[in-house]
$ cat model_4.txt   # compact mmCIF, C-alpha atoms
# COMPACT_ATOMS: atom_id res chain seq x y z
CA MET A 8 36.34 5.67 -5.38
CA ARG A 9 32.59 5.19 -5.70
CA ARG A 10 31.06 1.73 -5.58
CA THR A 11 30.07 1.76 -9.27
CA GLU A 12 33.61 2.69 -10.32
CA LEU A 13 35.03 -0.06 -8.11
CA LEU A 14 32.76 -2.65 -9.72
CA GLN A 15 33.92 -1.52 -13.18
CA GLU A 16 37.57 -2.07 -12.20
CA ILE A 17 36.78 -5.51 -10.79
CA ARG A 18 35.02 -6.45 -14.02
CA LYS A 19 38.10 -5.38 -16.02
CA MET A 20 40.39 -7.61 -13.92
CA ARG A 21 38.06 -10.60 -14.18
CA PHE A 22 37.74 -10.16 -17.92
CA GLU A 23 41.52 -10.11 -18.31
CA GLU A 24 41.72 -13.42 -16.46
CA ALA A 25 38.91 -14.96 -18.51
CA TYR A 26 40.29 -13.60 -21.79
CA GLU A 27 43.76 -15.01 -21.08
CA GLY A 28 42.28 -18.45 -20.37
CA TRP A 29 40.17 -18.36 -23.54
CA ASP A 30 42.97 -16.98 -25.71
CA SER A 31 45.39 -19.73 -24.53
CA GLY A 32 42.81 -22.42 -25.20
CA ARG A 33 42.42 -23.47 -21.56
CA LEU A 34 38.81 -22.22 -21.41
CA THR A 35 35.95 -22.39 -23.83
CA GLN A 36 33.68 -19.37 -24.35
CA VAL A 37 31.03 -21.02 -22.18
CA GLU A 38 33.51 -21.55 -19.32
CA ALA A 39 34.92 -18.02 -19.64
CA ALA A 40 31.39 -16.57 -19.59
CA ARG A 41 30.56 -18.60 -16.48
CA LEU A 42 33.70 -17.23 -14.81
CA LEU A 43 32.42 -13.68 -15.45
CA GLY A 44 28.89 -14.55 -14.39
CA VAL A 45 27.40 -13.71 -17.81
CA CYS A 46 26.01 -15.68 -20.72
CA GLU A 47 28.09 -16.83 -23.72
CA ARG A 48 26.55 -14.17 -25.97
CA THR A 49 27.50 -11.36 -23.56
CA PHE A 50 31.06 -12.71 -23.41
CA ARG A 51 31.28 -12.47 -27.23
CA ARG A 52 30.08 -8.87 -27.00
CA TYR A 53 32.85 -8.17 -24.47
CA LEU A 54 35.37 -9.70 -26.89
CA ALA A 55 34.26 -7.44 -29.72
CA ARG A 56 34.43 -4.32 -27.52
CA PHE A 57 37.82 -5.36 -26.13
CA GLU A 58 39.33 -5.96 -29.58
CA SER A 59 38.09 -2.58 -30.84
CA SER A 60 38.72 -0.32 -27.81
CA GLY A 61 40.72 -2.33 -25.29
CA LEU A 62 39.76 -2.52 -21.61
CA GLU A 63 38.19 0.95 -21.75
CA GLY A 64 35.60 -0.48 -24.10
CA LEU A 65 34.24 -2.58 -21.23
CA ILE A 66 33.22 0.51 -19.18
CA ASP A 67 29.49 1.08 -18.93
CA ARG A 68 28.87 4.23 -20.99
CA ARG A 69 25.90 5.18 -18.84
CA LEU A 70 28.27 6.06 -16.02
CA MET A 71 29.75 8.83 -18.16
CA GLN A 72 26.40 10.46 -18.88
CA VAL A 73 24.77 13.13 -16.71
CA SER A 74 21.37 12.05 -15.44
CA HIS A 75 18.45 14.00 -16.89
CA LYS A 76 16.98 14.01 -13.36
CA ARG A 77 19.93 15.91 -11.94
CA ALA A 78 18.95 19.28 -10.48
CA PRO A 79 20.28 22.40 -12.23
CA LEU A 80 23.20 24.11 -10.55
CA ASP A 81 21.29 27.35 -10.00
CA GLU A 82 18.59 25.44 -8.05
CA VAL A 83 21.24 23.97 -5.75
CA LEU A 84 22.81 27.40 -5.24
CA ARG A 85 19.44 28.97 -4.42
CA LEU A 86 18.78 26.22 -1.85
CA THR A 87 22.11 26.57 -0.06
CA GLU A 88 21.96 30.38 -0.11
CA HIS A 89 18.45 30.31 1.39
CA TYR A 90 19.71 27.99 4.14
CA ARG A 91 22.65 30.27 4.93
CA ARG A 92 20.50 33.38 5.01
CA ARG A 93 17.52 32.24 7.13
CA HIS A 94 17.98 28.73 8.48
CA GLU A 95 21.59 28.49 9.63
CA GLY A 96 21.97 25.63 12.14
CA TRP A 97 18.70 23.85 11.26
CA SER A 98 18.86 20.08 10.78
CA ALA A 99 18.42 18.76 7.24
CA LYS A 100 15.09 17.13 8.10
CA HIS A 101 13.77 20.28 9.75
CA PHE A 102 14.88 22.43 6.82
CA HIS A 103 13.27 20.02 4.34
CA THR A 104 9.93 20.50 6.11
CA TRP A 105 10.13 24.24 5.46
CA TYR A 106 11.42 23.61 1.93
CA LYS A 107 8.27 21.60 1.15
CA LYS A 108 6.05 24.33 2.65
CA GLU A 109 7.65 26.84 0.28
CA GLY A 110 6.79 24.70 -2.74
CA GLY A 111 9.92 22.54 -3.06
CA SER A 112 9.53 19.20 -4.83
CA ARG A 113 12.84 17.45 -4.11
CA SER A 114 13.27 14.64 -1.60
CA SER A 115 14.71 15.01 1.90
CA THR A 116 17.75 12.94 0.84
CA TRP A 117 18.50 15.37 -2.00
CA VAL A 118 18.23 18.36 0.34
CA LYS A 119 20.47 16.67 2.92
CA ASN A 120 23.09 15.78 0.28
CA CYS A 121 23.13 19.34 -1.07
CA LEU A 122 23.67 20.78 2.40
CA GLN A 123 26.39 18.25 3.22
CA GLU A 124 28.25 18.80 -0.08
CA ALA A 125 28.16 22.55 0.58
CA GLY A 126 29.61 21.98 4.06
CA LEU A 127 26.52 23.40 5.77
CA ARG A 128 25.56 20.20 7.61
CA PRO A 129 27.89 17.50 9.01
CA LYS A 130 27.57 13.90 7.99
CA GLY A 131 26.06 11.65 10.62
CA ARG A 132 28.03 9.01 12.47
CA GLY A 133 27.72 5.39 11.51
CA ARG A 134 25.26 3.22 13.39
CA GLY A 135 26.53 1.29 16.38
CA VAL A 136 25.95 -2.28 17.48
CA HIS A 137 22.44 -3.51 16.76
CA ARG A 138 20.01 -3.34 19.65
CA LYS A 139 16.42 -4.49 19.53
CA ARG A 140 14.01 -1.85 20.76
CA ARG A 141 10.92 -2.61 22.78
CA GLU A 142 7.88 -3.01 20.58
CA ARG A 143 5.30 -0.26 20.66
CA SER A 144 1.88 -0.69 22.21
CA PRO A 145 -0.55 -2.02 19.60
CA LEU A 146 -3.29 0.56 20.25
CA PRO A 147 -3.37 4.28 21.10
CA GLY A 148 -4.31 4.84 24.72
CA LEU A 149 -2.71 1.69 26.13
CA MET A 150 0.41 3.50 27.37
CA ILE A 151 1.20 7.19 27.76
CA HIS A 152 4.73 8.58 28.23
CA GLN A 153 5.53 11.80 30.05
CA ASP A 154 8.84 13.55 30.48
CA GLY A 155 10.28 17.03 30.96
CA ASN A 156 13.36 18.71 29.53
CA ILE A 157 15.06 21.89 30.72
CA HIS A 158 16.71 23.80 27.90
CA GLU A 159 17.41 27.31 26.65
CA TRP A 160 14.35 27.38 24.41
CA VAL A 161 14.49 31.18 24.16
CA PRO A 162 17.92 32.91 24.04
CA GLY A 163 19.00 33.70 27.57
CA GLN A 164 16.01 31.96 29.20
CA LYS A 165 15.85 28.39 30.46
CA CYS A 166 12.55 26.68 31.19
CA ASP A 167 11.01 23.21 31.16
CA LEU A 168 9.17 21.64 28.24
CA ILE A 169 6.62 19.02 29.38
CA VAL A 170 5.73 16.37 26.80
CA THR A 171 2.91 13.83 27.17
CA MET A 172 2.86 11.40 24.23
CA ASP A 173 1.39 8.09 23.10
CA ASP A 174 3.60 5.01 23.02
CA ALA A 175 1.80 3.50 20.03
CA THR A 176 1.95 6.43 17.62
CA ASN A 177 4.35 9.09 19.01
CA ALA A 178 1.39 11.49 18.99
CA HIS A 179 1.94 14.46 21.33
CA TYR A 180 -1.30 15.06 23.22
CA ALA A 181 0.09 17.76 25.52
CA LEU A 182 3.08 20.05 24.96
CA PHE A 183 3.76 23.22 26.98
CA PHE A 184 6.41 25.31 28.73
CA VAL A 185 6.59 25.96 32.48
CA ASP A 186 9.07 27.92 34.56
CA GLU A 187 9.84 24.83 36.66
CA GLU A 188 8.37 21.36 36.45
CA GLY A 189 6.41 20.05 39.40
CA THR A 190 3.35 18.07 40.40
CA ALA A 191 0.95 20.64 38.91
CA SER A 192 2.59 20.59 35.47
CA ARG A 193 2.61 16.77 35.42
CA LEU A 194 -1.08 16.65 36.35
CA ARG A 195 -1.83 19.26 33.71
CA GLY A 196 -0.34 17.05 30.99
CA VAL A 197 -2.47 14.08 32.08
CA ARG A 198 -5.58 16.27 32.30
CA GLU A 199 -5.10 17.59 28.74
CA VAL A 200 -4.82 14.00 27.43
CA ILE A 201 -8.04 12.88 29.17
CA GLU A 202 -9.96 15.99 28.11
CA SER A 203 -8.93 15.68 24.46
CA ARG A 204 -8.79 11.90 24.00
CA GLY A 205 -10.22 10.06 27.02
CA LEU A 206 -9.06 7.85 29.87
CA PHE A 207 -5.97 5.72 29.14
CA SER A 208 -4.68 2.48 30.68
CA ARG A 209 -1.04 2.87 31.74
CA PHE A 210 1.34 5.71 32.52
CA TYR A 211 5.10 5.36 31.92
CA SER A 212 7.60 7.80 33.45
CA ASP A 213 10.98 8.15 35.10
CA ARG A 214 11.41 7.72 38.85
CA GLY A 215 11.40 11.44 39.64
CA SER A 216 10.16 12.59 43.04
CA HIS A 217 6.95 13.97 41.51
CA TYR A 218 5.99 10.46 40.40
CA TRP A 219 7.47 8.10 43.00
CA HIS A 220 8.92 7.88 46.50
CA THR A 221 12.31 6.15 46.38
CA PRO A 222 13.51 5.24 49.92
CA GLU A 223 17.08 4.56 48.78
CA ALA A 224 18.87 6.54 46.07
CA GLY A 225 19.02 4.36 42.97
CA GLY A 226 16.86 1.70 44.63
CA LYS A 227 13.37 0.44 43.95
CA VAL A 228 10.38 2.76 44.11
CA ASP A 229 7.82 2.49 46.91
CA LYS A 230 4.55 1.52 45.20
CA LYS A 231 2.52 1.71 48.44
CA ASN A 232 3.55 5.16 49.68
CA LEU A 233 2.05 7.26 46.87
CA THR A 234 2.98 10.80 45.92
CA GLN A 235 0.28 13.39 45.24
CA PHE A 236 0.60 12.55 41.53
CA GLY A 237 0.36 8.83 42.27
CA GLN A 238 -2.76 9.34 44.40
CA ALA A 239 -4.45 11.27 41.57
CA LEU A 240 -3.80 8.52 39.01
CA HIS A 241 -4.84 5.88 41.54
CA ARG A 242 -8.21 7.62 41.87
CA LEU A 243 -8.61 7.28 38.10
CA GLY A 244 -7.57 3.62 38.08
CA ILE A 245 -4.52 4.25 35.83
CA GLU A 246 -1.61 1.83 36.25
CA ARG A 247 1.82 3.47 36.68
CA ILE A 248 5.09 1.96 35.40
CA PRO A 249 8.49 3.32 36.54
CA ALA A 250 11.41 3.30 34.10
CA CYS A 251 14.51 1.69 35.55
CA SER A 252 17.05 3.55 33.39
CA PRO A 253 17.30 6.40 30.81
CA GLU A 254 17.61 3.75 28.08
CA ALA A 255 14.29 2.22 29.16
CA ARG A 256 12.45 5.42 28.32
CA GLY A 257 14.49 6.06 25.19
CA ARG A 258 11.38 6.55 23.06
CA SER A 259 10.36 9.69 24.94
CA GLU A 260 13.97 10.84 25.42
CA ARG A 261 14.64 10.71 21.67
CA MET A 262 11.66 12.99 21.02
CA PHE A 263 13.47 15.88 22.74
CA ARG A 264 16.23 15.85 20.11
CA PRO A 265 14.05 17.25 17.29
CA HIS A 266 12.37 19.63 19.74
CA GLN A 267 15.75 21.05 20.78
CA GLU A 268 16.79 21.38 17.14
CA ARG A 269 13.55 22.98 15.92
CA LEU A 270 11.74 24.87 18.65
CA PRO A 271 14.41 27.49 19.54
CA ARG A 272 14.92 28.32 15.87
CA GLU A 273 11.21 28.58 15.12
CA LEU A 274 10.61 30.79 18.16
CA VAL A 275 13.43 33.08 16.99
CA LEU A 276 11.98 33.07 13.47
CA TYR A 277 8.61 34.23 14.83
CA GLY A 278 10.22 36.72 17.23
CA ILE A 279 8.69 35.06 20.33
CA THR A 280 10.36 35.76 23.68
CA ASP A 281 7.63 35.35 26.34
CA MET A 282 6.21 32.07 27.64
CA GLU A 283 2.56 32.89 26.99
CA SER A 284 3.15 33.47 23.28
CA ALA A 285 5.42 30.44 23.11
CA ASN A 286 2.74 28.17 24.59
CA ARG A 287 0.16 29.59 22.21
CA THR A 288 2.46 28.79 19.27
CA LEU A 289 3.00 25.27 20.60
CA SER A 290 -0.71 24.46 20.75
CA GLN A 291 -1.87 26.27 17.61
CA SER A 292 0.83 25.50 15.05
CA TYR A 293 3.92 23.64 16.28
CA ARG A 294 2.30 20.57 17.88
CA PRO A 295 -0.12 19.86 14.99
CA ALA A 296 2.71 20.18 12.46
CA PHE A 297 5.02 18.01 14.58
CA ASN A 298 2.38 15.29 14.92
CA ALA A 299 1.68 15.36 11.18
CA GLU A 300 5.36 14.70 10.48
CA PHE A 301 6.37 12.32 13.27
CA MET A 302 3.23 10.33 14.07
CA GLN A 303 3.32 6.66 13.12
CA PRO A 304 0.34 4.41 12.43
CA ALA A 305 -0.58 2.05 15.26
CA MET A 306 0.02 -1.66 14.74
CA GLU A 307 -3.71 -2.38 15.13
CA GLU A 308 -6.86 -0.49 14.20
CA GLY A 309 -8.98 1.03 16.93
CA SER A 310 -8.33 2.87 20.19
CA ALA A 311 -7.96 1.95 23.86
CA PHE A 312 -9.09 5.37 25.07
CA VAL A 313 -12.30 5.41 27.11
CA GLU A 314 -14.54 8.46 27.26
CA TRP A 315 -14.36 10.19 30.67
CA ILE A 316 -17.78 10.60 32.32
CA GLY A 317 -16.74 10.58 35.97
CA GLY A 318 -17.19 14.22 36.93
CA PRO A 319 -14.97 17.32 37.02
CA LEU A 320 -11.33 16.40 36.48
CA GLU A 321 -10.14 19.52 38.28
CA ASP A 322 -11.07 17.95 41.65
CA ILE A 323 -9.55 14.55 40.82
CA LEU A 324 -6.28 15.51 39.12
CA CYS A 325 -5.11 17.71 41.98
CA GLU A 326 -3.12 17.64 45.21
CA ARG A 327 -5.15 16.45 48.20
CA PHE A 328 -4.32 17.16 51.86
CA GLU A 329 -6.17 15.89 54.96
CA ARG A 330 -6.88 18.50 57.63
CA GLN A 331 -8.96 18.90 60.81
CA VAL A 332 -11.21 21.93 61.20
CA GLY A 333 -10.20 24.22 64.09
CA SER A 334 -12.40 25.57 66.86
CA ASP A 335 -12.91 28.78 64.85
CA ASN A 336 -14.47 26.78 62.01
CA CYS A 337 -11.38 27.47 59.87
CA VAL A 338 -8.86 25.19 58.22
CA SER A 339 -5.16 25.98 58.53
CA PHE A 340 -3.32 25.41 55.24
CA GLU A 341 0.16 26.70 54.36
CA ASN A 342 0.05 29.79 56.62
CA MET A 343 -3.51 30.60 55.53
CA LYS A 344 -6.82 30.42 57.36
CA LEU A 345 -9.58 29.08 55.14
CA GLN A 346 -12.94 30.09 56.59
CA ILE A 347 -15.73 27.56 56.05
CA PRO A 348 -18.96 29.41 55.25
CA SER A 349 -22.24 28.52 56.91
CA ASP A 350 -24.54 26.07 55.14
CA ARG A 351 -27.85 24.34 55.73
CA HIS A 352 -26.35 20.94 56.48
CA ARG A 353 -24.44 21.71 59.71
CA CYS A 354 -24.04 24.58 62.12
CA HIS A 355 -20.26 24.16 62.11
CA TYR A 356 -17.52 21.66 61.20
CA VAL A 357 -15.32 22.01 64.29
CA LYS A 358 -13.04 18.95 64.75
CA ALA A 359 -14.35 17.42 61.50
CA LYS A 360 -11.92 15.75 59.08
CA VAL A 361 -11.89 17.51 55.71
CA ALA A 362 -9.82 17.39 52.52
CA VAL A 363 -8.12 20.48 51.08
CA LEU A 364 -7.69 20.27 47.31
CA ARG A 365 -5.09 22.35 45.48
CA ARG A 366 -5.90 22.37 41.79
CA ILE A 367 -3.53 22.64 38.85
CA GLU A 368 -4.18 26.36 38.38
CA GLY A 369 -3.55 27.02 42.10
CA THR A 370 -7.13 27.50 43.38
CA LEU A 371 -8.27 25.62 46.49
CA ALA A 372 -11.38 23.73 47.57
CA ILE A 373 -12.50 22.05 50.81
CA TYR A 374 -14.45 18.79 50.77
CA HIS A 375 -16.22 17.05 53.62
CA GLY A 376 -16.69 13.55 52.34
CA PRO A 377 -18.25 13.85 48.85
CA ARG A 378 -19.65 17.35 49.50
CA LYS A 379 -17.80 20.51 48.51
CA LEU A 380 -17.92 23.11 51.28
CA ALA A 381 -16.20 26.05 49.58
CA GLU A 382 -13.74 27.20 46.94
CA TYR A 383 -10.88 29.66 47.45
CA GLU A 384 -8.41 31.69 45.42
CA ALA A 385 -4.73 30.79 45.65
CA ASP A 386 -4.25 33.47 48.36
CA GLY A 387 -7.07 32.06 50.54
CA ARG A 388 -9.88 34.46 49.59
CA ILE A 389 -13.20 32.65 49.37
CA ARG A 390 -14.73 32.42 45.90
CA PRO A 391 -18.44 33.10 45.36
CA PRO A 392 -20.48 29.98 44.63
CA ARG A 393 -20.98 29.09 40.98
CA LEU A 394 -24.51 29.66 39.84
CA LYS A 395 -26.07 26.99 37.65
CA ALA A 396 -27.31 28.21 34.32
CA VAL A 397 -31.09 28.16 33.92
CA ALA A 398 -32.19 26.21 30.87

$ encode --input "model_4.txt" --output "structure tokens"
Amino acid sequence: MRRTELLQEIRKMRFEEAYEGWDSGRLTQVEAARLLGVCERTFRRYLARFESSGLEGLIDRRLMQVSHKRAPLDEVLRLTEHYRRRHEGWSAKHFHTWYKKEGGSRSSTWVKNCLQEAGLRPKGRGRGVHRKRRERSPLPGLMIHQDGNIHEWVPGQKCDLIVTMDDATNAHYALFFVDEEGTASRLRGVREVIESRGLFSRFYSDRGSHYWHTPEAGGKVDKKNLTQFGQALHRLGIERIPACSPEARGRSERMFRPHQERLPRELVLYGITDMESANRTLSQSYRPAFNAEFMQPAMEEGSAFVEWIGGPLEDILCERFERQVGSDNCVSFENMKLQIPSDRHRCHYVKAKVAVLRRIEGTLAIYHGPRKLAEYEADGRIRPPRLKAVA
């Protein structure tokens, strides 16, 4: 029984009680009306309707009329048939987004109800015990979340989706697929945020080995012994915050639910099966549309992002390894010999301490203090020096 029907039955029972008291003389019309929670004039109207039609006369006639706003049956059938034919398995919210793109004017609640009544979507479970979530950061750029999720995004192929998002607005600043997550993919997400928005204040992540060293399993992280990722953010002056549990980073974890519901279906719809095309779709169409739908306004106006003017990010957001130059003026690095070319500053660098940088895209560079000595391909072949453009 619907709530409106239940209230009608309750009103009938209360009227019978009030009518019996008034008819026996125990109650006046004013007292009987107060018992029903109506005025004396409304009680007299109830009496007239009761004497002419009985208890059925007390039913609100509006409940028996069909609303003029109700959608025609053929519109409902077209909607459900379109869902069955092209969007089977899509969530109601995801399907409503496409419904609006195709010119639909109904609300998301109406679309959800139609799909549920047709048995195409299950009804959601009731909410559990109330829990108070952590408040968002007041400004964009104060805290950035990053997380990865392995899933079968393309039928028969599993890969990792790396998401870098803002705590204040849910805005996704970086979103891409990789075969397997690692330090390079994590640094790439941070680099895309700084290049597009600017330098941010804090970085929030899980306690994965790319981010932190954890001496004891399940114990506290070692904030002094930094990973390659930690060293890169330390050079930028970005504070890092480790999450102590999956619930603590629930905001970023919950974002993967709509991605898992939408992305595989959209990639199938577009006929995309390779990673390069999938990443191009993510950056050109999926991420802008996702941000437009799921972004929330920040609690305060303004931005905490700071424009980056500190030099090339490729040599800061990278892996850095300390090495000593050998007697042949070469640096040994991962079964490769990196030959240092001659320059006008020194005859050779034998026994000198140098830094080998491995960038996100895999290329290498050797630095002696602040000076770059050479650049190399990923296989160790030296790259020709970059020529400065003449103005």

$ closest_residue --input "model_4.txt" --among "A:Leu168, A:Glu326, A:Ala178, A:Gly278" --to "His217 in chain A" --atoms "only C-alpha atoms"
A:Glu326

$ closest_residue --input "model_4.txt" --among "A:Glu12, A:Gln164, A:Phe22, A:Leu233" --to "Ala40 in chain A" --atoms "all atoms listed in the file"
A:Phe22

$ closest_residue --input "model_4.txt" --among "A:Ile17, A:Ile316, A:Ala99, A:Leu240" --to "Glu268 in chain A" --atoms "only C-alpha atoms"
A:Ala99

$ atom_distance --input "model_4.txt" --atom1 "CA of Arg247 in chain A" --atom2 "CA of Val361 in chain A"
27.3 Å

$ residues_around --input "model_4.txt" --residues "range 189-199 of chain A" --least-positions-apart "4" --cutoff "9 Å" --atoms "all atoms listed in the file" --output "list in words"
Ile151, Gln153, Asp154, Gly155, Ile169, Val170, Thr171, Tyr180, Ala181, Leu182, Phe183, Val185, Ser203, Arg204, His217, Tyr218, Gln235, Phe236, Ala239, Leu240, Leu320, Glu321, Leu324, Cys325, Glu326, Arg366, Ile367, Glu368 and Gly369 of chain A

$ atom_distance --input "model_4.txt" --atom1 "CA of Met172 in chain A" --atom2 "CA of Ser259 in chain A"
7.7 Å

$ closest_residue --input "model_4.txt" --among "A:Ala224, A:Ser290, A:Arg141, A:Trp160" --to "His179 in chain A" --atoms "only C-alpha atoms"
A:Ser290

$ residues_near_point --input "model_4.txt" --point "(-10.3, 28.6, 40.0)" --cutoff "9 Å" --atoms "all atoms listed in the file" --output "PyMOL selection string"
chain A and resi 366+368-371+382-385+390

$ write_last_selection --input "model_4.txt" --atoms "C-alpha atoms" --output "CSV table (one decimal), in the frame of the given file"
chain,number,residue,atom,x,y,z
A,366,ARG,CA,-5.9,22.4,41.8
A,368,GLU,CA,-4.2,26.4,38.4
A,369,GLY,CA,-3.6,27.0,42.1
A,370,THR,CA,-7.1,27.5,43.4
A,371,LEU,CA,-8.3,25.6,46.5
A,382,GLU,CA,-13.7,27.2,46.9
A,383,TYR,CA,-10.9,29.7,47.4
A,384,GLU,CA,-8.4,31.7,45.4
A,385,ALA,CA,-4.7,30.8,45.6
A,390,ARG,CA,-14.7,32.4,45.9

$ atom_distance --input "model_4.txt" --atom1 "CA of His241 in chain A" --atom2 "CA of Tyr356 in chain A"
28.2 Å

$ residues_around --input "model_4.txt" --residues "Arg214 in chain A" --least-positions-apart "4" --cutoff "12 Å" --atoms "all atoms listed in the file" --output "PyMOL selection string"
chain A and resi 153-154+218-230+234+237+247-253+255-256
